[in-house]
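Heads up, input-v3.cif below (mmCIF, C-alpha atoms and all ligand atoms):
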```cif
data_data
loop_
_atom_site.label_atom_id
_atom_site.label_comp_id
_atom_site.auth_asym_id
_atom_site.auth_seq_id
_atom_site.Cartn_x
_atom_site.Cartn_y
_atom_site.Cartn_z
CA MET A 1 12.56 -39.41 21.81
CA PRO A 2 12.34 -40.84 18.26
CA SER A 3 10.15 -38.94 15.83
CA ASP A 4 6.74 -40.31 14.91
CA PRO A 5 7.09 -41.65 11.34
CA LEU A 6 3.40 -40.97 10.69
CA SER A 7 3.60 -37.29 11.55
CA ARG A 8 3.02 -34.81 8.75
CA VAL A 9 6.11 -33.79 6.79
CA TRP A 10 6.19 -30.10 5.89
CA ARG A 11 8.47 -28.33 3.42
CA GLY A 12 9.63 -24.76 3.04
CA LYS A 13 11.90 -22.80 0.73
CA ALA A 14 13.18 -19.23 1.00
CA PRO A 15 15.82 -17.12 -0.75
CA GLY A 16 18.81 -15.14 0.47
CA ARG A 17 18.85 -11.39 -0.05
CA VAL A 18 21.06 -8.52 -1.07
CA ASN A 19 20.62 -4.95 0.05
CA LEU A 20 21.06 -2.52 -2.82
CA ILE A 21 21.12 0.52 -0.55
CA GLY A 22 19.82 1.67 2.85
CA GLU A 23 22.30 0.20 5.33
CA HIS A 24 22.00 0.47 9.11
CA VAL A 25 18.75 2.35 8.89
CA ASP A 26 16.14 -0.42 9.17
CA TYR A 27 16.19 -0.56 12.97
CA LEU A 28 15.63 3.21 13.04
CA GLY A 29 12.51 3.08 10.88
CA GLY A 30 14.37 4.17 7.73
CA LEU A 31 13.96 3.28 4.06
CA VAL A 32 15.78 0.28 2.60
CA LEU A 33 16.02 -1.29 -0.84
CA PRO A 34 16.83 -5.01 -0.61
CA ALA A 35 16.03 -7.76 -3.13
CA ALA A 36 15.55 -11.49 -2.72
CA VAL A 37 18.15 -13.38 -4.77
CA ASN A 38 18.32 -16.71 -6.55
CA ARG A 39 20.05 -18.76 -3.87
CA PHE A 40 17.63 -20.77 -1.74
CA THR A 41 17.44 -22.67 1.52
CA GLU A 42 15.09 -25.63 1.56
CA VAL A 43 13.85 -27.37 4.68
CA THR A 44 11.68 -30.34 5.50
CA GLY A 45 10.44 -31.16 8.96
CA ASN A 46 8.09 -33.18 11.08
CA ASP A 47 6.86 -33.31 14.67
CA ALA A 48 9.37 -34.75 17.09
CA GLY A 49 10.00 -35.19 20.79
CA ASP A 50 12.69 -32.53 20.83
CA TRP A 51 14.12 -29.94 18.45
CA SER A 52 16.84 -31.21 16.11
CA VAL A 53 18.47 -29.95 12.93
CA GLU A 54 20.34 -31.88 10.29
CA SER A 55 22.40 -29.56 8.13
CA ASP A 56 25.82 -29.18 6.52
CA VAL A 57 26.08 -25.89 8.39
CA ALA A 58 26.46 -25.83 12.16
CA GLY A 59 24.47 -23.50 14.38
CA GLY A 60 20.99 -23.76 12.86
CA LEU A 61 19.32 -25.25 15.91
CA ALA A 62 18.97 -21.98 17.86
CA TYR A 63 17.32 -20.30 14.86
CA VAL A 64 14.95 -23.13 14.08
CA ARG A 65 13.87 -23.51 17.68
CA ALA A 66 13.39 -19.74 18.02
CA ILE A 67 11.13 -19.42 14.97
CA GLY A 68 9.19 -22.51 16.03
CA GLU A 69 8.62 -20.95 19.42
CA GLU A 70 7.61 -17.62 17.84
CA LEU A 71 5.02 -19.48 15.79
CA GLY A 72 3.81 -21.50 18.76
CA VAL A 73 4.86 -24.81 17.22
CA GLY A 74 6.07 -27.81 19.21
CA PRO A 75 9.45 -29.53 18.68
CA GLN A 76 10.40 -30.55 15.15
CA ASP A 77 13.04 -32.59 13.36
CA VAL A 78 14.27 -30.26 10.63
CA ARG A 79 16.49 -31.12 7.67
CA VAL A 80 18.18 -28.25 5.88
CA SER A 81 19.65 -28.11 2.41
CA SER A 82 20.99 -24.73 1.40
CA GLN A 83 22.57 -22.92 -1.53
CA VAL A 84 22.84 -19.80 0.62
CA PRO A 85 26.40 -19.93 1.90
CA PRO A 86 26.81 -18.88 5.54
CA SER A 87 28.79 -15.68 6.20
CA ALA A 88 28.70 -14.75 2.50
CA GLY A 89 26.64 -11.63 3.05
CA ILE A 90 23.32 -12.81 1.60
CA SER A 91 21.63 -13.58 4.88
CA SER A 92 21.64 -17.32 5.28
CA SER A 93 19.98 -16.89 8.67
CA ALA A 94 16.99 -15.01 7.22
CA ALA A 95 16.66 -17.66 4.48
CA LEU A 96 16.63 -20.43 7.10
CA LEU A 97 14.12 -18.68 9.36
CA VAL A 98 11.77 -17.75 6.53
CA ALA A 99 11.99 -21.25 5.00
CA VAL A 100 10.94 -22.77 8.32
CA ALA A 101 8.19 -20.17 8.77
CA VAL A 102 6.67 -20.80 5.33
CA GLY A 103 6.96 -24.55 5.84
CA LEU A 104 5.17 -24.46 9.18
CA ARG A 105 2.71 -21.66 8.39
CA PRO A 106 2.26 -21.37 4.60
CA ASP A 107 -0.93 -19.33 5.01
CA MET A 108 0.60 -16.73 7.26
CA ASP A 109 0.69 -13.10 6.16
CA GLY A 110 4.17 -12.37 4.73
CA LYS A 111 4.69 -9.27 6.88
CA ASP A 112 3.72 -11.10 10.06
CA ALA A 113 6.07 -13.91 9.07
CA ALA A 114 8.93 -11.43 8.53
CA LEU A 115 8.31 -9.88 11.96
CA ALA A 116 8.21 -13.31 13.63
CA CYS A 117 11.50 -14.20 11.90
CA GLN A 118 13.07 -10.92 13.05
CA ARG A 119 12.09 -11.64 16.66
CA ALA A 120 13.40 -15.20 16.28
CA GLU A 121 16.75 -13.92 15.00
CA GLN A 122 16.99 -11.48 17.90
CA ARG A 123 16.10 -14.22 20.34
CA ALA A 124 18.54 -16.74 18.83
CA THR A 125 21.52 -14.37 18.64
CA GLY A 126 20.96 -11.50 21.06
CA VAL A 127 21.64 -9.12 18.14
CA GLN A 128 18.95 -6.45 17.82
CA VAL A 129 18.62 -6.78 14.04
CA GLY A 130 16.09 -4.86 11.99
CA VAL A 131 13.45 -6.47 9.79
CA MET A 132 15.04 -5.90 6.36
CA ASP A 133 16.59 -9.31 5.71
CA GLN A 134 13.59 -11.37 6.78
CA PHE A 135 11.23 -9.06 4.89
CA ALA A 136 13.19 -9.39 1.65
CA SER A 137 13.38 -13.17 1.95
CA ALA A 138 9.63 -13.34 2.63
CA LEU A 139 8.25 -10.77 0.19
CA GLY A 140 10.88 -10.00 -2.47
CA ARG A 141 9.88 -10.49 -6.07
CA ARG A 142 11.71 -11.71 -9.15
CA GLY A 143 12.59 -8.81 -11.46
CA CYS A 144 12.23 -6.31 -8.62
CA ALA A 145 13.87 -4.61 -5.70
CA LEU A 146 11.71 -3.98 -2.67
CA LEU A 147 11.47 -0.44 -1.33
CA LEU A 148 10.54 -0.89 2.31
CA ASP A 149 9.60 1.77 4.82
CA CYS A 150 10.70 0.14 8.07
CA ALA A 151 8.58 2.53 10.16
CA THR A 152 5.26 1.48 8.62
CA LEU A 153 6.25 -1.76 6.80
CA ASP A 154 4.63 -0.33 3.67
CA TYR A 155 6.54 -1.48 0.62
CA GLU A 156 6.66 -1.06 -3.10
CA LEU A 157 8.22 -3.27 -5.77
CA VAL A 158 10.62 -1.36 -8.03
CA PRO A 159 11.55 -3.04 -11.33
CA PHE A 160 15.20 -4.07 -11.46
CA PRO A 161 16.74 -4.32 -14.95
CA ASP A 162 18.27 -7.48 -16.43
CA GLU A 163 21.19 -5.42 -17.74
CA LEU A 164 22.61 -5.20 -14.23
CA ALA A 165 24.40 -8.09 -12.55
CA ILE A 166 24.46 -8.12 -8.77
CA ALA A 167 27.88 -9.24 -7.57
CA VAL A 168 28.44 -10.18 -3.92
CA ILE A 169 32.13 -10.42 -3.18
CA ASP A 170 33.47 -12.12 -0.10
CA SER A 171 36.08 -10.12 1.83
CA GLY A 172 37.24 -13.28 3.59
CA GLU A 173 36.82 -11.43 6.90
CA ARG A 174 34.37 -13.65 8.72
CA ARG A 175 32.45 -12.38 11.69
CA ASN A 176 29.75 -13.59 13.95
CA LEU A 177 27.34 -10.66 14.34
CA ALA A 178 27.04 -11.29 18.07
CA ASP A 179 30.78 -10.54 18.40
CA THR A 180 30.62 -7.23 16.51
CA PRO A 181 29.64 -3.74 17.74
CA TYR A 182 26.27 -4.01 15.86
CA ASN A 183 24.19 -3.48 19.02
CA GLU A 184 26.51 -0.66 20.07
CA ARG A 185 26.06 1.14 16.72
CA ARG A 186 22.31 0.72 17.04
CA ARG A 187 22.34 2.23 20.54
CA GLU A 188 24.57 5.13 19.44
CA ALA A 189 22.26 5.96 16.54
CA GLU A 190 19.15 5.61 18.70
CA SER A 191 20.60 8.01 21.22
CA GLY A 192 21.10 10.58 18.42
CA ASP A 193 24.92 10.59 18.16
CA PRO A 194 25.52 13.31 15.50
CA ARG A 195 28.02 11.38 13.37
CA ARG A 196 25.97 8.20 13.36
CA MET A 197 22.87 10.22 12.51
CA ARG A 198 24.68 11.94 9.66
CA HIS A 199 25.05 8.51 8.10
CA VAL A 200 21.44 7.56 8.81
CA ASN A 201 19.92 10.73 7.36
CA SER A 202 22.19 10.86 4.32
CA GLU A 203 21.65 7.15 3.65
CA ILE A 204 17.87 7.51 3.68
CA ALA A 205 18.18 10.41 1.20
CA ARG A 206 20.41 8.19 -0.97
CA VAL A 207 17.78 5.44 -0.99
CA ARG A 208 15.24 7.89 -2.40
CA GLU A 209 17.68 9.15 -5.02
CA PHE A 210 18.74 5.61 -5.92
CA VAL A 211 15.13 4.61 -6.56
CA GLU A 212 14.69 7.63 -8.86
CA ALA A 213 17.87 6.70 -10.72
CA LEU A 214 16.73 3.05 -10.94
CA ARG A 215 13.42 4.12 -12.42
CA ALA A 216 15.30 6.24 -14.96
CA ASP A 217 17.82 3.45 -15.82
CA ASP A 218 20.56 5.85 -14.73
CA PHE A 219 23.13 3.22 -13.76
CA THR A 220 25.95 5.72 -13.47
CA ARG A 221 24.08 7.70 -10.81
CA MET A 222 23.16 4.48 -9.00
CA GLY A 223 26.86 3.59 -8.93
CA GLU A 224 27.81 7.01 -7.53
CA LEU A 225 25.25 6.58 -4.77
CA LEU A 226 26.73 3.19 -3.85
CA LYS A 227 30.15 4.81 -3.58
CA GLU A 228 28.76 7.61 -1.39
CA SER A 229 27.00 5.03 0.77
CA HIS A 230 30.29 3.21 1.26
CA ARG A 231 32.09 6.37 2.34
CA SER A 232 29.33 7.17 4.81
CA LEU A 233 29.36 3.64 6.26
CA ARG A 234 33.15 3.82 6.49
CA ASP A 235 33.59 7.31 7.92
CA ASP A 236 30.37 8.13 9.78
CA PHE A 237 28.96 4.79 10.82
CA GLU A 238 32.38 3.10 11.10
CA VAL A 239 31.37 -0.40 10.09
CA SER A 240 33.99 -1.01 7.40
CA THR A 241 37.50 -2.43 7.61
CA ASP A 242 40.72 -1.65 5.69
CA ASN A 243 40.43 -4.91 3.83
CA VAL A 244 36.85 -4.16 2.75
CA ASP A 245 37.79 -0.60 1.72
CA ALA A 246 40.54 -2.03 -0.49
CA LEU A 247 38.10 -4.47 -2.05
CA VAL A 248 35.62 -1.68 -2.82
CA ALA A 249 38.39 0.41 -4.41
CA CYS A 250 39.44 -2.59 -6.49
CA ALA A 251 35.87 -3.29 -7.69
CA ASP A 252 35.20 0.37 -8.50
CA ALA A 253 38.28 0.51 -10.72
CA ILE A 254 37.16 -2.34 -13.00
CA ASP A 255 35.56 -1.48 -16.33
CA GLY A 256 31.87 -2.36 -16.25
CA CYS A 257 31.45 -1.84 -12.49
CA TYR A 258 29.09 1.07 -11.81
CA GLY A 259 29.88 1.17 -8.10
CA SER A 260 30.26 -0.92 -4.98
CA ARG A 261 29.94 -0.71 -1.23
CA ILE A 262 30.09 -2.73 1.94
CA MET A 263 26.81 -4.60 2.35
CA GLY A 264 24.80 -5.78 5.34
CA ALA A 265 25.97 -5.39 8.91
CA GLY A 266 29.61 -4.85 7.91
CA PHE A 267 32.67 -5.33 10.15
CA GLY A 268 34.06 -7.49 7.32
CA GLY A 269 31.63 -9.73 5.44
CA SER A 270 30.87 -8.94 1.82
CA ILE A 271 30.62 -6.10 -0.64
CA LEU A 272 27.96 -5.51 -3.26
CA ALA A 273 28.85 -4.32 -6.76
CA LEU A 274 26.50 -3.48 -9.62
CA VAL A 275 28.05 -4.58 -12.88
CA ASP A 276 27.13 -4.20 -16.54
CA HIS A 277 25.75 -7.65 -17.34
CA SER A 278 27.71 -7.92 -20.57
CA LYS A 279 30.97 -7.36 -18.66
CA THR A 280 30.37 -9.83 -15.82
CA GLU A 281 32.94 -12.41 -16.90
CA GLN A 282 35.64 -9.80 -17.19
CA PHE A 283 34.68 -8.45 -13.76
CA VAL A 284 34.84 -11.89 -12.16
CA SER A 285 38.27 -12.63 -13.59
CA SER A 286 39.66 -9.19 -12.71
CA MET A 287 38.52 -9.36 -9.06
CA HIS A 288 40.22 -12.69 -8.26
CA ARG A 289 37.91 -13.15 -5.29
CA PRO A 290 35.22 -15.66 -4.38
CA MET A 291 31.94 -14.10 -5.47
CA LEU A 292 28.31 -14.82 -6.15
CA ILE A 293 26.66 -13.36 -9.22
CA CYS A 294 23.02 -13.08 -8.25
CA ALA A 295 19.73 -12.28 -9.92
CA THR A 296 16.52 -11.22 -8.21
CA ALA A 297 14.08 -13.95 -7.12
CA ASP A 298 10.68 -14.51 -5.54
CA GLY A 299 10.39 -14.42 -1.77
CA ALA A 300 8.83 -17.33 0.12
CA PHE A 301 5.54 -15.55 0.78
CA SER A 302 5.26 -13.54 -2.43
CA THR A 303 2.48 -14.51 -4.80
CA PRO A 304 3.83 -14.20 -8.35
C1 LIG B 1 22.07 -6.92 9.23
C2 LIG B 1 20.71 -6.89 9.93
C3 LIG B 1 19.74 -5.98 9.20
C4 LIG B 1 20.35 -4.61 8.96
C5 LIG B 1 21.75 -4.73 8.34
C6 LIG B 1 22.43 -3.39 8.22
O1 LIG B 1 21.97 -7.51 7.96
O2 LIG B 1 20.16 -8.20 10.00
O3 LIG B 1 18.55 -5.88 9.94
O4 LIG B 1 20.36 -3.83 10.13
O5 LIG B 1 22.58 -5.60 9.10
O6 LIG B 1 21.74 -2.60 7.31
#
```
Starting from the file, lay out its structure as structure tokens.
Ligand code: GLA
Amino acid sequence: MPSDPLSRVWRGKAPGRVNLIGEHVDYLGGLVLPAAVNRFTEVTGNDAGDWSVESDVAGGLAYVRAIGEELGVGPQDVRVSSQVPPSAGISSSAALLVAVAVGLRPDMDGKDAALACQRAEQRATGVQVGVMDQFASALGRRGCALLLDCATLDYELVPFPDELAIAVIDSGERRNLADTPYNERRREAESGDPRRMRHVNSEIARVREFVEALRADDFTRMGELLKESHRSLRDDFEVSTDNVDALVACADAIDGCYGSRIMGAGFGGSILALVDHSKTEQFVSSMHRPMLICATADGAFSTP
């Protein structure tokens, strides 16, 4: 059915995210420290007879329909324009979901929006993701990381210094989360598997220590904690790959890099490195890999 040209056009915009530390702990009620970053997805939409999505990136329809249904909204024509590259590790799916949510329901509470987007992602993909990515895209703040307690959804903004560049480096190993053992890892951890829990407990302790180091501008300690997090994700949670391990070793060896680790769900994907801002160019040319240099940004529902 053609869309009604007189129907209201709505617009939404939401950022991608990085996770500084606290990986594979959100769905267990752990502590995480993501930040919204300065790559955005913008959407416009209007009422229509059926759901449709116009985008340079395939696969958005299931997400858009799922968040619309979560919000109790009827079918929409949605047009997407995005600077958040898919499969680059900065959560293009959360940016899309949150952009649609803020467009359709700008007055919604940011936490409720993040939860609706999490349910939509689970519904669209069958992957039992936690709430971290959607929360960061909704409520992150420029100049800050967001310390989120996933058990209570209480959060605190922690200032993030301009002297640090956030590099997200693509491993080239693409994966669709639904085809990875993500749900299996979640089940293993939930059932208390000792090795998986060793990662979870040590990672939560690292988040606390990282926040202390961040508050003290102790970049060296922050870098060490990233390296420890990587080892734990590699050896105890087993979500890394040889290729990603090699990339982390390469990044860690470059002057100006405080530390790096696999970021997000893993099984390929991207790594995060924290780099001395004044040495960014040198880092980019030494890595020889596609990468995004990101800065923190405002989330869609944050009120600067
Ligand atoms: C994905 C999920 C998040 C989180 C991370 C791992 O990004 O969407 O909820 O579980 O993996 O920390």
Nearby polymer residues, ligand LIG 1 (chain B), at most 7 Å, only C-alpha atoms and all ligand atoms, as a ChimeraX atom specification: /A:22-27,91,129-133,264-265
With a distance cut-off of 10 Å and only C-alpha atoms, select the neighbouring residues of region 290-294 of chain A, excluding the residue or stretch itself and same-chain residues fewer than 2 positions from it, and output the selection as a ChimeraX atom specification. /A:16-18,36-39,85,88-90,164-172,270-275,277,280-281,284,287-288,296-297
Taking into account all atoms listed in the file, which residue in the set A:Val98, A:Ala136, A:Ala213, A:Ser87 is nearest to Gly268 (chain A)?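 Among A:Val98, A:Ala136, A:Ala213, A:Ser87, it is A:Ser87 that comes nearest to Gly268 (chain A).
The two atoms in question, CA of Val80 (chain A) and CA of Ala14 (chain A), are spaced 11.4 Å apart.
Straight-line separation from CA of Leu148 (chain A) to CA of Gly59 (chain A): 29.2 Å.
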Nearest residue to Leu233 (chain A) from the set A:Ala62, A:Ile254, A:Leu104, A:Val200 (distances using all atoms listed in the file):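 Closest to Leu233 (chain A), using all atoms listed in the file: A:Val200.
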Scan for residues within 9 Å of the point (17.0, 8.2, 2.7) in the coordinates of the file, using all atoms listed in the file, and reply as a list in words.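 Nearby residues: Gly22, Val25, Gly30, Leu31, Val32, Val200, Asn201, Ser202, Glu203, Ile204, Ala205, Arg206, Val207, Arg208 and Glu209 of chain A.
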Within 10 Å of Glu156 (chain A) using all atoms listed in the file, minus same-chain residues under 3 positions, as a ChimeraX atom specification: /A:33,140,144-149,153,159
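Straight-line separation from CA of Arg234 (chain A) to CA of Gln128 (chain A): 20.9 Å.
With all atoms listed in the file as the atoms that count, the minimum distance from Leu115 (chain A) to the choices A:Asp218, A:Asp154, A:Glu70, A:Asp193 is reached by A:Glu70.
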Show me, as lines of an AutoDock Vina configuration file, the centre and edge lengths in Å to one decimal of the axis-aligned box that covers every listed atom of region 50-58 of chain A with 6 Å on each side.
```
center_x = 19.6
center_y = -29.2
center_z = 13.7
size_x = 25.8
size_y = 18.7
size_z = 26.3
```
Between A:Asn183, A:Ser92, A:Ser302, A:Ser232, which one has atoms that come closest to Gln122 (chain A), using all atoms listed in the file?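 Closest to Gln122 (chain A) of all the choices is A:Asn183.
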